[in-house]
file protein.pdb (PDB, C-alpha atoms, pLDDT in the B column)
ATOM      1  CA  ARG A   1     111.798  36.662  96.635  1.00 88.00           C
ATOM      2  CA  SER A   2     114.613  35.418  94.388  1.00 92.00           C
ATOM      3  CA  VAL A   3     115.917  33.018  97.045  1.00 93.00           C
ATOM      4  CA  ALA A   4     112.454  31.552  97.528  1.00 95.00           C
ATOM      5  CA  GLU A   5     112.059  30.969  93.802  1.00 95.00           C
ATOM      6  CA  LEU A   6     115.338  29.032  93.656  1.00 95.00           C
ATOM      7  CA  VAL A   7     114.232  26.839  96.549  1.00 96.00           C
ATOM      8  CA  LEU A   8     110.949  26.124  94.803  1.00 96.00           C
ATOM      9  CA  ALA A   9     112.676  25.417  91.494  1.00 95.00           C
ATOM     10  CA  GLN A  10     115.150  22.984  93.070  1.00 96.00           C
ATOM     11  CA  ALA A  11     112.464  21.248  95.106  1.00 96.00           C
ATOM     12  CA  ILE A  12     110.248  20.736  92.056  1.00 96.00           C
ATOM     13  CA  LEU A  13     113.140  19.484  89.913  1.00 95.00           C
ATOM     14  CA  LEU A  14     114.192  16.932  92.513  1.00 95.00           C
ATOM     15  CA  LEU A  15     110.696  15.849  93.535  1.00 95.00           C
ATOM     16  CA  ARG A  16     109.794  15.281  89.880  1.00 94.00           C
ATOM     17  CA  GLY A  17     113.021  13.361  89.268  1.00 92.00           C
ATOM     18  CA  ILE A  18     114.073  15.742  86.491  1.00 92.00           C
ATOM     19  CA  PRO A  19     117.867  15.274  86.885  1.00 91.00           C
ATOM     20  CA  GLU A  20     117.548  11.489  86.507  1.00 90.00           C
ATOM     21  CA  LYS A  21     115.102  11.780  83.601  1.00 90.00           C
ATOM     22  CA  ASN A  22     117.339  14.286  81.833  1.00 91.00           C
ATOM     23  CA  ALA A  23     120.385  12.060  82.282  1.00 89.00           C
ATOM     24  CA  SER A  24     118.408   9.073  80.975  1.00 90.00           C
ATOM     25  CA  CYS A  25     117.298  11.007  77.899  1.00 92.00           C
ATOM     26  CA  HIS A  26     120.893  12.040  77.167  1.00 92.00           C
ATOM     27  CA  ARG A  27     121.789   8.349  77.259  1.00 93.00           C
ATOM     28  CA  GLY A  28     119.022   7.621  74.756  1.00 94.00           C
ATOM     29  CA  GLY A  29     116.547   6.324  77.321  1.00 92.00           C
ATOM     30  CA  TRP A  30     112.880   7.328  77.066  1.00 91.00           C
ATOM     31  CA  ILE A  31     111.497   6.179  80.402  1.00 83.00           C
ATOM     32  CA  LYS A  32     108.156   7.375  81.751  1.00 85.00           C
ATOM     33  CA  SER A  33     107.245   6.698  85.379  1.00 81.00           C
ATOM     34  CA  ALA A  34     104.953   8.307  87.916  1.00 83.00           C
ATOM     35  CA  ALA A  35     106.234   6.152  90.774  1.00 80.00           C
ATOM     36  CA  ASN A  36     109.097   8.487  91.631  1.00 83.00           C
ATOM     37  CA  SER A  37     107.554  11.764  90.482  1.00 91.00           C
ATOM     38  CA  PHE A  38     105.892  13.885  93.167  1.00 94.00           C
ATOM     39  CA  GLU A  39     103.980  17.160  93.374  1.00 95.00           C
ATOM     40  CA  ILE A  40     104.467  19.875  95.990  1.00 96.00           C
ATOM     41  CA  ARG A  41     100.794  19.455  96.880  1.00 97.00           C
ATOM     42  CA  GLY A  42     100.456  17.351 100.006  1.00 96.00           C
ATOM     43  CA  LYS A  43     104.171  17.403 100.792  1.00 97.00           C
ATOM     44  CA  LYS A  44     105.369  18.491 104.234  1.00 98.00           C
ATOM     45  CA  LEU A  45     108.078  21.137 104.241  1.00 98.00           C
ATOM     46  CA  GLY A  46     110.017  21.953 107.402  1.00 98.00           C
ATOM     47  CA  ILE A  47     111.805  25.304 107.328  1.00 98.00           C
ATOM     48  CA  VAL A  48     114.444  25.675 110.031  1.00 98.00           C
ATOM     49  CA  GLY A  49     114.956  29.378 110.669  1.00 96.00           C
ATOM     50  CA  TYR A  50     111.635  30.947 109.710  1.00 96.00           C
ATOM     51  CA  GLY A  51     112.524  34.565 108.977  1.00 93.00           C
ATOM     52  CA  SER A  52     111.801  36.687 105.914  1.00 92.00           C
ATOM     53  CA  ILE A  53     113.307  34.131 103.519  1.00 94.00           C
ATOM     54  CA  GLY A  54     111.495  31.263 105.210  1.00 95.00           C
ATOM     55  CA  ALA A  55     108.216  33.153 104.966  1.00 96.00           C
ATOM     56  CA  ALA A  56     108.793  33.867 101.276  1.00 96.00           C
ATOM     57  CA  VAL A  57     109.383  30.155 100.670  1.00 97.00           C
ATOM     58  CA  GLY A  58     106.458  29.124 102.846  1.00 97.00           C
ATOM     59  CA  THR A  59     104.017  31.445 101.091  1.00 97.00           C
ATOM     60  CA  ARG A  60     104.888  29.947  97.713  1.00 97.00           C
ATOM     61  CA  VAL A  61     104.775  26.357  98.942  1.00 98.00           C
ATOM     62  CA  THR A  62     101.370  26.770 100.595  1.00 97.00           C
ATOM     63  CA  ALA A  63     100.057  28.362  97.384  1.00 97.00           C
ATOM     64  CA  LEU A  64     100.905  25.079  95.647  1.00 97.00           C
ATOM     65  CA  GLY A  65      99.178  22.988  98.288  1.00 97.00           C
ATOM     66  CA  GLY A  66     102.168  22.039 100.438  1.00 98.00           C
ATOM     67  CA  HIS A  67     102.114  21.949 104.239  1.00 98.00           C
ATOM     68  CA  VAL A  68     104.666  24.255 105.882  1.00 98.00           C
ATOM     69  CA  THR A  69     106.062  23.986 109.398  1.00 98.00           C
ATOM     70  CA  GLY A  70     108.374  26.771 110.495  1.00 97.00           C
ATOM     71  CA  LEU A  71     110.874  26.287 113.301  1.00 97.00           C
ATOM     72  CA  ARG A  72     112.373  29.256 115.107  1.00 95.00           C
ATOM     73  CA  ARG A  73     113.142  30.592 118.562  1.00 90.00           C
ATOM     74  CA  SER A  74     110.276  33.105 118.708  1.00 87.00           C
ATOM     75  CA  PRO A  75     106.702  31.739 118.886  1.00 80.00           C
ATOM     76  CA  GLY A  76     103.602  33.028 117.175  1.00 85.00           C
ATOM     77  CA  PRO A  77     102.042  32.802 113.704  1.00 89.00           C
ATOM     78  CA  ALA A  78     103.947  33.813 110.566  1.00 93.00           C
ATOM     79  CA  PRO A  79     103.019  34.271 106.894  1.00 95.00           C
ATOM     80  CA  GLY A  80     103.088  31.113 104.815  1.00 96.00           C
ATOM     81  CA  ALA A  81     103.330  28.652 107.707  1.00 97.00           C
ATOM     82  CA  HIS A  82     100.622  26.318 108.926  1.00 97.00           C
ATOM     83  CA  GLU A  83     102.359  26.236 112.292  1.00 96.00           C
ATOM     84  CA  ILE A  84     105.414  27.722 113.973  1.00 97.00           C
ATOM     85  CA  LEU A  85     107.230  25.445 116.396  1.00 96.00           C
ATOM     86  CA  PRO A  86     110.197  26.039 118.715  1.00 95.00           C
ATOM     87  CA  SER A  87     113.614  25.065 117.370  1.00 94.00           C
ATOM     88  CA  SER A  88     113.984  22.671 120.289  1.00 94.00           C
ATOM     89  CA  VAL A  89     111.608  20.163 118.642  1.00 96.00           C
ATOM     90  CA  LEU A  90     113.532  19.991 115.358  1.00 97.00           C
ATOM     91  CA  MET A  91     114.749  16.422 115.806  1.00 97.00           C
ATOM     92  CA  ASP A  92     111.196  15.273 116.552  1.00 97.00           C
ATOM     93  CA  GLU A  93     109.904  16.907 113.354  1.00 97.00           C
ATOM     94  CA  LEU A  94     112.496  15.489 110.957  1.00 98.00           C
ATOM     95  CA  PRO A  95     110.911  12.014 110.536  1.00 98.00           C
ATOM     96  CA  GLY A  96     107.683  13.513 109.182  1.00 97.00           C
ATOM     97  CA  ALA A  97     109.154  16.050 106.764  1.00 98.00           C
ATOM     98  CA  ASP A  98     109.332  15.436 103.014  1.00 98.00           C
ATOM     99  CA  VAL A  99     111.589  18.467 102.537  1.00 98.00           C
ATOM    100  CA  VAL A 100     113.865  20.031 105.160  1.00 98.00           C
ATOM    101  CA  LEU A 101     115.220  23.507 104.434  1.00 98.00           C
ATOM    102  CA  LEU A 102     117.883  25.256 106.524  1.00 98.00           C
ATOM    103  CA  SER A 103     117.524  29.026 106.369  1.00 97.00           C
ATOM    104  CA  LEU A 104     119.347  30.367 109.405  1.00 94.00           C
ATOM    105  CA  PRO A 105     122.679  32.036 110.230  1.00 94.00           C
ATOM    106  CA  HIS A 106     125.937  30.467 111.329  1.00 95.00           C
ATOM    107  CA  THR A 107     126.334  30.733 115.105  1.00 94.00           C
ATOM    108  CA  PRO A 108     128.083  28.562 117.708  1.00 94.00           C
ATOM    109  CA  GLU A 109     124.699  26.915 118.319  1.00 94.00           C
ATOM    110  CA  THR A 110     123.945  26.153 114.664  1.00 96.00           C
ATOM    111  CA  GLU A 111     127.417  25.077 113.513  1.00 97.00           C
ATOM    112  CA  GLY A 112     127.323  21.483 112.304  1.00 97.00           C
ATOM    113  CA  MET A 113     123.679  21.107 113.323  1.00 98.00           C
ATOM    114  CA  ALA A 114     122.986  18.902 110.309  1.00 98.00           C
ATOM    115  CA  GLY A 115     125.145  15.900 111.134  1.00 98.00           C
ATOM    116  CA  THR A 116     124.890  12.140 111.393  1.00 98.00           C
ATOM    117  CA  ASP A 117     122.066  12.107 113.945  1.00 98.00           C
ATOM    118  CA  PHE A 118     120.159  14.786 112.011  1.00 98.00           C
ATOM    119  CA  PHE A 119     120.232  12.867 108.728  1.00 98.00           C
ATOM    120  CA  SER A 120     119.469   9.538 110.374  1.00 97.00           C
ATOM    121  CA  LYS A 121     116.093  10.902 111.470  1.00 98.00           C
ATOM    122  CA  MET A 122     115.037  12.056 108.000  1.00 98.00           C
ATOM    123  CA  LYS A 123     112.774  10.034 105.725  1.00 97.00           C
ATOM    124  CA  PRO A 124     114.599   7.903 103.123  1.00 96.00           C
ATOM    125  CA  ASP A 125     112.816   9.701 100.285  1.00 95.00           C
ATOM    126  CA  ALA A 126     113.175  13.194 101.776  1.00 97.00           C
ATOM    127  CA  LEU A 127     114.948  16.191 100.253  1.00 98.00           C
ATOM    128  CA  PHE A 128     117.508  18.168 102.270  1.00 98.00           C
ATOM    129  CA  MET A 129     118.176  21.802 101.309  1.00 98.00           C
ATOM    130  CA  ASN A 130     120.577  24.393 102.709  1.00 98.00           C
ATOM    131  CA  LEU A 131     120.662  28.057 101.750  1.00 94.00           C
ATOM    132  CA  GLY A 132     121.727  29.392 105.144  1.00 95.00           C
ATOM    133  CA  ARG A 133     125.461  28.926 105.679  1.00 96.00           C
ATOM    134  CA  GLY A 134     127.750  26.064 104.724  1.00 97.00           C
ATOM    135  CA  ALA A 135     128.979  25.641 108.301  1.00 97.00           C
ATOM    136  CA  LEU A 136     125.519  24.434 109.341  1.00 98.00           C
ATOM    137  CA  VAL A 137     126.197  21.100 107.631  1.00 98.00           C
ATOM    138  CA  ASP A 138     128.674  18.340 108.387  1.00 98.00           C
ATOM    139  CA  GLU A 139     129.436  17.625 104.722  1.00 98.00           C
ATOM    140  CA  ASP A 140     131.098  14.273 105.396  1.00 98.00           C
ATOM    141  CA  ALA A 141     128.009  13.170 107.314  1.00 98.00           C
ATOM    142  CA  LEU A 142     125.756  14.383 104.485  1.00 98.00           C
ATOM    143  CA  ILE A 143     127.675  12.428 101.853  1.00 98.00           C
ATOM    144  CA  ALA A 144     127.646   9.300 104.015  1.00 98.00           C
ATOM    145  CA  ALA A 145     123.897   9.679 104.585  1.00 98.00           C
ATOM    146  CA  LEU A 146     123.183  10.142 100.874  1.00 98.00           C
ATOM    147  CA  ASP A 147     125.290   7.095 100.050  1.00 97.00           C
ATOM    148  CA  GLU A 148     123.240   5.100 102.550  1.00 97.00           C
ATOM    149  CA  GLY A 149     119.992   6.338 100.991  1.00 95.00           C
ATOM    150  CA  CYS A 150     118.675   8.714 103.652  1.00 96.00           C
ATOM    151  CA  PRO A 151     117.904  11.421 102.678  1.00 97.00           C
ATOM    152  CA  ALA A 152     117.302  10.821  98.991  1.00 96.00           C
ATOM    153  CA  PHE A 153     118.761  14.080  97.648  1.00 97.00           C
ATOM    154  CA  ALA A 154     120.354  17.331  98.744  1.00 98.00           C
ATOM    155  CA  ALA A 155     120.316  20.814  97.225  1.00 97.00           C
ATOM    156  CA  LEU A 156     123.087  23.118  98.454  1.00 97.00           C
ATOM    157  CA  ASP A 157     123.475  26.805  97.652  1.00 97.00           C
ATOM    158  CA  VAL A 158     126.217  27.148 100.279  1.00 97.00           C
ATOM    159  CA  THR A 159     129.222  25.032 101.262  1.00 97.00           C
ATOM    160  CA  GLY A 160     131.714  24.972 104.098  1.00 96.00           C
ATOM    161  CA  VAL A 161     134.475  26.402 101.890  1.00 97.00           C
ATOM    162  CA  GLU A 162     133.679  28.802  99.062  1.00 97.00           C
ATOM    163  CA  PRO A 163     134.571  28.671  96.257  1.00 95.00           C
ATOM    164  CA  LEU A 164     134.307  24.903  96.560  1.00 95.00           C
ATOM    165  CA  PRO A 165     137.787  23.280  96.329  1.00 95.00           C
ATOM    166  CA  GLU A 166     138.484  21.133  93.271  1.00 94.00           C
ATOM    167  CA  GLU A 167     139.008  18.047  95.417  1.00 96.00           C
ATOM    168  CA  SER A 168     135.614  18.299  97.138  1.00 97.00           C
ATOM    169  CA  PRO A 169     133.411  15.210  96.580  1.00 96.00           C
ATOM    170  CA  LEU A 170     130.379  17.507  96.512  1.00 97.00           C
ATOM    171  CA  TRP A 171     131.163  18.463  92.916  1.00 97.00           C
ATOM    172  CA  HIS A 172     130.333  15.096  91.410  1.00 95.00           C
ATOM    173  CA  HIS A 173     127.999  13.422  93.874  1.00 96.00           C
ATOM    174  CA  PRO A 174     124.982  12.139  91.900  1.00 94.00           C
ATOM    175  CA  LYS A 175     122.540  12.972  94.682  1.00 96.00           C
ATOM    176  CA  ILE A 176     123.619  16.580  95.235  1.00 97.00           C
ATOM    177  CA  MET A 177     122.410  19.629  93.314  1.00 96.00           C
ATOM    178  CA  LEU A 178     124.874  22.522  93.706  1.00 95.00           C
ATOM    179  CA  THR A 179     124.514  26.241  93.060  1.00 95.00           C
ATOM    180  CA  PRO A 180     127.376  28.731  93.687  1.00 94.00           C
ATOM    181  CA  HIS A 181     125.833  30.710  96.590  1.00 94.00           C
ATOM    182  CA  ASP A 182     123.892  32.865  94.154  1.00 90.00           C
ATOM    183  CA  SER A 183     120.289  32.255  95.187  1.00 86.00           C
ATOM    184  CA  SER A 184     119.689  35.981  95.673  1.00 85.00           C
ATOM    185  CA  GLN A 185     121.337  37.095  92.438  1.00 85.00           C
ATOM    186  CA  THR A 186     118.749  37.838  89.791  1.00 87.00           C
ATOM    187  CA  ASN A 187     117.935  40.816  87.606  1.00 88.00           C
ATOM    188  CA  GLY A 188     114.902  41.426  89.820  1.00 90.00           C
ATOM    189  CA  THR A 189     117.092  41.635  92.932  1.00 85.00           C
ATOM    190  CA  ILE A 190     119.275  44.285  91.297  1.00 89.00           C
ATOM    191  CA  LEU A 191     116.268  46.342  90.216  1.00 92.00           C
ATOM    192  CA  ARG A 192     114.701  46.180  93.689  1.00 90.00           C
ATOM    193  CA  ALA A 193     118.003  47.229  95.293  1.00 91.00           C
ATOM    194  CA  ASP A 194     118.240  50.183  92.914  1.00 94.00           C
ATOM    195  CA  GLY A 195     114.677  51.131  93.794  1.00 95.00           C
ATOM    196  CA  THR A 196     115.462  51.037  97.509  1.00 95.00           C
ATOM    197  CA  PHE A 197     118.518  53.250  96.986  1.00 96.00           C
ATOM    198  CA  VAL A 198     116.583  55.827  94.969  1.00 97.00           C
ATOM    199  CA  ASP A 199     113.775  55.847  97.537  1.00 97.00           C
ATOM    200  CA  ASN A 200     116.235  56.328 100.406  1.00 97.00           C
ATOM    201  CA  LEU A 201     118.016  59.102  98.520  1.00 97.00           C
ATOM    202  CA  HIS A 202     114.684  60.875  98.121  1.00 97.00           C
ATOM    203  CA  ARG A 203     113.982  60.392 101.842  1.00 97.00           C
ATOM    204  CA  TYR A 204     117.435  61.670 102.823  1.00 96.00           C
ATOM    205  CA  LEU A 205     117.148  64.803 100.702  1.00 97.00           C
ATOM    206  CA  ASN A 206     113.724  65.530 102.177  1.00 97.00           C
ATOM    207  CA  GLY A 207     114.679  64.819 105.807  1.00 97.00           C
ATOM    208  CA  GLU A 208     112.446  61.733 106.016  1.00 97.00           C
ATOM    209  CA  PRO A 209     113.157  58.477 107.895  1.00 95.00           C
ATOM    210  CA  LEU A 210     115.266  56.037 105.886  1.00 96.00           C
ATOM    211  CA  ARG A 211     114.280  52.440 105.112  1.00 94.00           C
ATOM    212  CA  ASN A 212     116.240  49.420 106.274  1.00 91.00           C
ATOM    213  CA  LEU A 213     118.400  51.198 108.820  1.00 91.00           C
ATOM    214  CA  VAL A 214     120.900  49.034 110.729  1.00 89.00           C
ATOM    215  CA  ASP A 215     121.943  49.822 114.297  1.00 89.00           C
ATOM    216  CA  ARG A 216     125.561  51.041 114.383  1.00 88.00           C
ATOM    217  CA  LYS A 217     126.194  48.629 117.245  1.00 87.00           C
ATOM    218  CA  ALA A 218     125.893  45.759 114.780  1.00 82.00           C
ATOM    219  CA  PHE A 219     129.242  46.831 113.286  1.00 84.00           C
ATOM    220  CA  GLU A 220     131.104  47.135 116.564  1.00 81.00           C
ATOM    221  CA  ASP A 221     133.781  44.546 117.407  1.00 65.00           C
TER     222      ASP A 221
END
call {"tool": "encode", "arguments": {"input": "protein.pdb", "output": "structure tokens"}}
result
Amino acid sequence: RSVAELVLAQAILLLRGIPEKNASCHRGGWIKSAANSFEIRGKKLGIVGYGSIGAAVGTRVTALGGHVTGLRRSPGPAPGAHEILPSSVLMDELPGADVVLLSLPHTPETEGMAGTDFFSKMKPDALFMNLGRGALVDEDALIAALDEGCPAFAALDVTGVEPLPEESPLWHHPKIMLTPHDSSQTNGTILRADGTFVDNLHRYLNGEPLRNLVDRKAFED
């Protein structure tokens, strides 16, 4: 829930050109223009890795009139998506997407998936977003692509090295919006976690099945 809200907030800020307008106002410029200010309605959002976070984002985007395409390995319908496509068609879908969101884990298959070829297929005015893992993105390729004007902007909640080193060019790039890998950290997240703990404690004391159990094998080397 909290992650999805950050995605929506960043997408709206960038689509409406808020960072540029804010900077202009701080310089004493009072410029009004609808030419580079867009609504979510009618925009096409591609979510790569359509799990629980992707569905939370998709549900909110569709509520605002956006069109959501989810890409994942397993087929079948999912909440918040107009269609679910196999991950294998990702490169074919990039040219038609107004916003591309990565929301999947770091694996040998996904490492560096967003590289030069990936960005070259995006629309010049598209928004690229990553809240999965920093290793999914070739950051040098992203910076080069932004400098060349395709995509138009990027919003990153994760980076290849965290905390981000002082010398990283990501800090000051005018077309990158950075957050410190805190998309899930809100007061609401804490309260929901506390509620889950209390509920599970009640279940444990009463011999009832626990929520959110993880297979022990997941922790084996």
call {"tool": "atom_distance", "arguments": {"input": "protein.pdb", "atom1": "CA of Glu109 in chain A", "atom2": "CA of Leu164 in chain A"}}
result
23.9 Å
call {"tool": "axis_aligned_box", "arguments": {"input": "protein.pdb", "around": "range 184-193 of chain A", "padding_each_side": "3 Å", "output": "AutoDock Vina command-line options"}}
result
--center_x 118.0 --center_y 41.6 --center_z 91.6 --size_x 12.6 --size_y 17.2 --size_z 14.1
call {"tool": "closest_residue", "arguments": {"input": "protein.pdb", "among": "A:Ala193, A:Phe38, A:Asp140, A:Ser120", "to": "Pro169 in chain A", "atoms": "only C-alpha atoms"}}
result
A:Asp140
call {"tool": "closest_residue", "arguments": {"input": "protein.pdb", "among": "A:Arg16, A:Ala11, A:Ala144, A:Val48", "to": "Ala34 in chain A", "atoms": "all atoms listed in the file"}}
result
A:Arg16
call {"tool": "residues_around", "arguments": {"input": "protein.pdb", "residues": "Asp92 in chain A", "least_positions_apart": "3", "cutoff": "10 Å", "atoms": "all atoms listed in the file", "output": "VMD selection string"}}
result
chain A and resid 88 to 89 95 to 96 121 to 122
call {"tool": "closest_residue", "arguments": {"input": "protein.pdb", "among": "A:Phe153, A:Ile47, A:Val99, A:His173", "to": "Gly80 in chain A", "atoms": "only C-alpha atoms"}}
result
A:Ile47
call {"tool": "decode", "arguments": {"input": "protein.pdb", "residues": "range 165-175 of chain A", "atoms": "all heavy atoms", "output": "mmCIF file, in the first residue's frame"}}
result
data_model
loop_
_atom_site.group_PDB
_atom_site.id
_atom_site.type_symbol
_atom_site.label_atom_id
_atom_site.label_comp_id
_atom_site.auth_asym_id
_atom_site.auth_seq_id
_atom_site.Cartn_x
_atom_site.Cartn_y
_atom_site.Cartn_z
ATOM 1 N N PRO A 165 26.972 6.288 -2.961
ATOM 2 C CA PRO A 165 28.264 6.948 -2.732
ATOM 3 C C PRO A 165 28.224 8.428 -3.106
ATOM 4 O O PRO A 165 27.479 8.838 -3.995
ATOM 5 C CB PRO A 165 29.214 6.172 -3.664
ATOM 6 C CG PRO A 165 28.540 4.867 -3.918
ATOM 7 C CD PRO A 165 27.076 5.168 -3.906
ATOM 8 N N GLU A 166 29.024 9.227 -2.438
ATOM 9 C CA GLU A 166 29.046 10.667 -2.675
ATOM 10 C C GLU A 166 29.378 11.014 -4.124
ATOM 11 O O GLU A 166 28.886 12.000 -4.663
ATOM 12 C CB GLU A 166 30.072 11.345 -1.759
ATOM 13 C CG GLU A 166 29.677 11.358 -0.300
ATOM 14 C CD GLU A 166 30.683 12.120 0.537
ATOM 15 O OE1 GLU A 166 31.557 12.790 -0.049
ATOM 16 O OE2 GLU A 166 30.578 12.056 1.772
ATOM 17 N N GLU A 167 30.232 10.180 -4.743
ATOM 18 C CA GLU A 167 30.678 10.492 -6.097
ATOM 19 C C GLU A 167 29.693 10.073 -7.180
ATOM 20 O O GLU A 167 29.908 10.329 -8.373
ATOM 21 C CB GLU A 167 32.026 9.820 -6.380
ATOM 22 C CG GLU A 167 32.004 8.297 -6.366
ATOM 23 C CD GLU A 167 32.171 7.681 -4.986
ATOM 24 O OE1 GLU A 167 32.042 8.419 -3.973
ATOM 25 O OE2 GLU A 167 32.446 6.473 -4.915
ATOM 26 N N SER A 168 28.581 9.440 -6.804
ATOM 27 C CA SER A 168 27.630 8.962 -7.804
ATOM 28 C C SER A 168 26.980 10.120 -8.551
ATOM 29 O O SER A 168 26.485 11.079 -7.934
ATOM 30 C CB SER A 168 26.539 8.114 -7.154
ATOM 31 O OG SER A 168 25.537 7.786 -8.107
ATOM 32 N N PRO A 169 26.922 10.069 -9.878
ATOM 33 C CA PRO A 169 26.266 11.122 -10.665
ATOM 34 C C PRO A 169 24.743 11.118 -10.509
ATOM 35 O O PRO A 169 24.075 12.067 -10.942
ATOM 36 C CB PRO A 169 26.675 10.792 -12.104
ATOM 37 C CG PRO A 169 26.953 9.321 -12.091
ATOM 38 C CD PRO A 169 27.531 9.037 -10.733
ATOM 39 N N LEU A 170 24.210 10.066 -9.896
ATOM 40 C CA LEU A 170 22.759 10.006 -9.701
ATOM 41 C C LEU A 170 22.273 11.105 -8.762
ATOM 42 O O LEU A 170 21.131 11.571 -8.877
ATOM 43 C CB LEU A 170 22.350 8.638 -9.128
ATOM 44 C CG LEU A 170 22.629 7.394 -9.972
ATOM 45 C CD1 LEU A 170 22.200 6.149 -9.214
ATOM 46 C CD2 LEU A 170 21.918 7.466 -11.314
ATOM 47 N N TRP A 171 23.128 11.524 -7.830
ATOM 48 C CA TRP A 171 22.723 12.522 -6.850
ATOM 49 C C TRP A 171 22.184 13.799 -7.495
ATOM 50 O O TRP A 171 21.195 14.363 -7.046
ATOM 51 C CB TRP A 171 23.920 12.917 -5.976
ATOM 52 C CG TRP A 171 24.324 11.959 -4.909
ATOM 53 C CD1 TRP A 171 25.497 11.254 -4.852
ATOM 54 C CD2 TRP A 171 23.609 11.622 -3.721
ATOM 55 N NE1 TRP A 171 25.543 10.494 -3.708
ATOM 56 C CE2 TRP A 171 24.393 10.695 -2.993
ATOM 57 C CE3 TRP A 171 22.376 12.003 -3.210
ATOM 58 C CZ2 TRP A 171 23.997 10.156 -1.773
ATOM 59 C CZ3 TRP A 171 21.973 11.460 -1.993
ATOM 60 C CH2 TRP A 171 22.770 10.552 -1.293
ATOM 61 N N HIS A 172 22.873 14.264 -8.517
ATOM 62 C CA HIS A 172 22.601 15.607 -9.032
ATOM 63 C C HIS A 172 22.049 15.638 -10.453
ATOM 64 O O HIS A 172 21.947 16.705 -11.045
ATOM 65 C CB HIS A 172 23.886 16.440 -8.971
ATOM 66 C CG HIS A 172 24.523 16.459 -7.621
ATOM 67 N ND1 HIS A 172 23.936 17.061 -6.535
ATOM 68 C CD2 HIS A 172 25.688 15.911 -7.161
ATOM 69 C CE1 HIS A 172 24.696 16.911 -5.467
ATOM 70 N NE2 HIS A 172 25.770 16.219 -5.820
ATOM 71 N N HIS A 173 21.686 14.464 -10.976
ATOM 72 C CA HIS A 173 21.182 14.459 -12.347
ATOM 73 C C HIS A 173 19.804 15.129 -12.395
ATOM 74 O O HIS A 173 18.899 14.761 -11.633
ATOM 75 C CB HIS A 173 21.092 13.042 -12.900
ATOM 76 C CG HIS A 173 21.016 13.001 -14.391
ATOM 77 N ND1 HIS A 173 19.873 13.351 -15.079
ATOM 78 C CD2 HIS A 173 21.932 12.683 -15.334
ATOM 79 C CE1 HIS A 173 20.093 13.235 -16.373
ATOM 80 N NE2 HIS A 173 21.335 12.835 -16.556
ATOM 81 N N PRO A 174 19.612 16.104 -13.261
ATOM 82 C CA PRO A 174 18.356 16.865 -13.276
ATOM 83 C C PRO A 174 17.131 16.067 -13.709
ATOM 84 O O PRO A 174 15.997 16.512 -13.499
ATOM 85 C CB PRO A 174 18.651 17.989 -14.275
ATOM 86 C CG PRO A 174 19.711 17.436 -15.169
ATOM 87 C CD PRO A 174 20.568 16.591 -14.277
ATOM 88 N N LYS A 175 17.355 14.899 -14.304
ATOM 89 C CA LYS A 175 16.218 14.111 -14.774
ATOM 90 C C LYS A 175 15.973 12.869 -13.924
ATOM 91 O O LYS A 175 15.275 11.952 -14.343
ATOM 92 C CB LYS A 175 16.435 13.701 -16.232
ATOM 93 C CG LYS A 175 16.439 14.875 -17.204
ATOM 94 C CD LYS A 175 16.562 14.391 -18.633
ATOM 95 C CE LYS A 175 16.506 15.557 -19.621
ATOM 96 N NZ LYS A 175 16.636 15.081 -21.024
#
